[in-house]
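Here's the structure we're looking at; comments come further down.
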Amino acid sequence: MFDKLDNALRFQQEAINLRAERQQVLANNIANADTPNFKARDFDFRAELNRVMEQGRSESSGGLSLARTSARHIPGQAGGGAGVRDLLYRMPDQPSLDGNTVDMDRERSAFADNSLRYQADVTFVSRKIQGLKKAMQSE
């Protein structure tokens with residue numbers, strides 16, 4: 001029974017995870033809007049969601065693995081790092097003199113759109129769980 005529940009919610013769970021990762025990428029772009037030579041990054045959400053649904057998330061997708069030079073070292077994971085494989089560079093509409101490719105209008109728009117879609121995914125999952133709980137309750 002739990003495997004059916006997991007399968008029913010897996011798509012939305014992966015979409016929420018990727019939306020959160022994209023939010024971090026967009027926030028990083030906004031935070032570096034005044035950094036010289038910073039290149040704005042993003043990823044193709046649809047392609048990444050298809051990849052994750054087909055191949056699944058690997059255990060190492062939570063960050064970068066650290067090299068151990070001795071057997072006595074503690075294995076660890078580097079912080080950050082999304083499960084996204086292909087972070088792409090944005091092509092600027094109008095290049096700036098300092099080499100920065102962040103377009104604040106585009107970034108704010110993408111950030112707001114991604115936030116709205118994230119909230120919609122969370123609402124969808126919440127309502128689906130409420131519906132399943134209702135179906136399991138006896139009257």
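Letters A, B, ... mark the chains of the structure tokens in the order given; residue numbers begin at 1 per chain; ligand numbers begin at 1, in order shown.
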* Asked: Which polymer residues have any atom within 12 Å of an atom of Ser96 (chain A), counting only C-alpha atoms, with same-chain residues fewer than 4 positions away left out, as a VMD selection string?
  -> chain A and resid 33 to 39 91 to 92 100 to 103
Kindly assemble as JSON lines a list of the region 89-108 of chain A residues that lie within 8 Å of region 24-32 of chain A, each paired with its nearest atom pair and their distance in Å to one decimal, using only C-alpha atoms, sorted first by chain and then by ascending residue number.
```
{"residue": "A:Val102", "atom": "CA", "partner": "A:Asn29", "partner_atom": "CA", "distance": 6.4}
{"residue": "A:Met104", "atom": "CA", "partner": "A:Ile30", "partner_atom": "CA", "distance": 6.8}
{"residue": "A:Glu107", "atom": "CA", "partner": "A:Leu26", "partner_atom": "CA", "distance": 6.4}
{"residue": "A:Arg108", "atom": "CA", "partner": "A:Ile30", "partner_atom": "CA", "distance": 7.7}
```
* What's the 12 Å shell around Asn50 (chain A), counting only C-alpha atoms, without same-chain residues fewer than 3 positions away, as a list in words? -> Phe11, Glu14, Ala15, Leu18, Asp44, Phe45, Arg46, Ala47, Met53, Glu54, Gln55, Gly56, Arg57 and Val84 of chain A
Restricting the output to N, CA, C and O atoms, write the selected residues as a compact mmCIF listing (two decimals), in the first residue's frame.
```
# COMPACT_ATOMS: atom_id res chain seq x y z
N PHE A 11 6.10 12.08 -8.34
CA PHE A 11 6.26 13.13 -9.34
C PHE A 11 6.24 14.50 -8.69
O PHE A 11 7.12 15.33 -8.94
N GLU A 14 9.41 15.13 -6.56
CA GLU A 14 10.57 15.49 -7.37
C GLU A 14 10.44 16.89 -7.94
O GLU A 14 11.42 17.64 -8.01
N ALA A 15 9.21 17.27 -8.32
CA ALA A 15 8.99 18.62 -8.83
C ALA A 15 9.28 19.65 -7.74
O ALA A 15 9.93 20.68 -8.00
N LEU A 18 13.09 19.90 -7.23
CA LEU A 18 13.74 20.66 -8.31
C LEU A 18 13.37 22.14 -8.25
O LEU A 18 14.21 23.00 -8.54
N ASP A 44 17.17 23.74 -17.32
CA ASP A 44 15.92 23.40 -17.99
C ASP A 44 15.11 22.51 -17.05
O ASP A 44 15.42 21.32 -16.89
N PHE A 45 14.09 23.09 -16.43
CA PHE A 45 13.31 22.37 -15.42
C PHE A 45 12.68 21.12 -15.99
O PHE A 45 12.73 20.05 -15.38
N ARG A 46 12.07 21.23 -17.15
CA ARG A 46 11.37 20.09 -17.75
C ARG A 46 12.33 18.93 -18.04
O ARG A 46 12.04 17.78 -17.74
N ALA A 47 13.50 19.25 -18.59
CA ALA A 47 14.48 18.20 -18.90
C ALA A 47 14.99 17.53 -17.63
O ALA A 47 15.14 16.31 -17.58
N MET A 53 12.75 11.57 -13.17
CA MET A 53 11.66 10.59 -13.17
C MET A 53 12.09 9.30 -13.85
O MET A 53 11.67 8.21 -13.45
N GLU A 54 12.91 9.39 -14.88
CA GLU A 54 13.37 8.19 -15.58
C GLU A 54 14.48 7.47 -14.83
O GLU A 54 14.46 6.26 -14.67
N GLN A 55 15.48 8.23 -14.38
CA GLN A 55 16.67 7.62 -13.79
C GLN A 55 16.65 7.60 -12.28
O GLN A 55 17.41 6.86 -11.67
N GLY A 56 15.81 8.42 -11.67
CA GLY A 56 15.80 8.51 -10.21
C GLY A 56 16.96 9.34 -9.71
O GLY A 56 17.88 9.67 -10.44
N ARG A 57 16.90 9.67 -8.46
CA ARG A 57 17.99 10.42 -7.84
C ARG A 57 19.01 9.45 -7.30
O ARG A 57 18.67 8.49 -6.63
N VAL A 84 20.93 18.66 -9.74
CA VAL A 84 20.83 19.05 -11.14
C VAL A 84 22.17 18.81 -11.81
O VAL A 84 23.20 19.22 -11.32
```
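All residues of protein, DNA or RNA that reach within 8 Å of Arg117 (chain A), judged by only C-alpha atoms and not counting those fewer than 4 positions away in the chain, are A:Arg19, A:Asp113, A:Asp121.
Rounded to one decimal, CA of Met136 (chain A) and CA of Phe124 (chain A) lie 18.5 Å from each other.
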* Do you have the CA of Ala40 (chain A)-CA of Tyr89 (chain A) distance handy? ->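 These atoms are spaced 5.8 Å apart.
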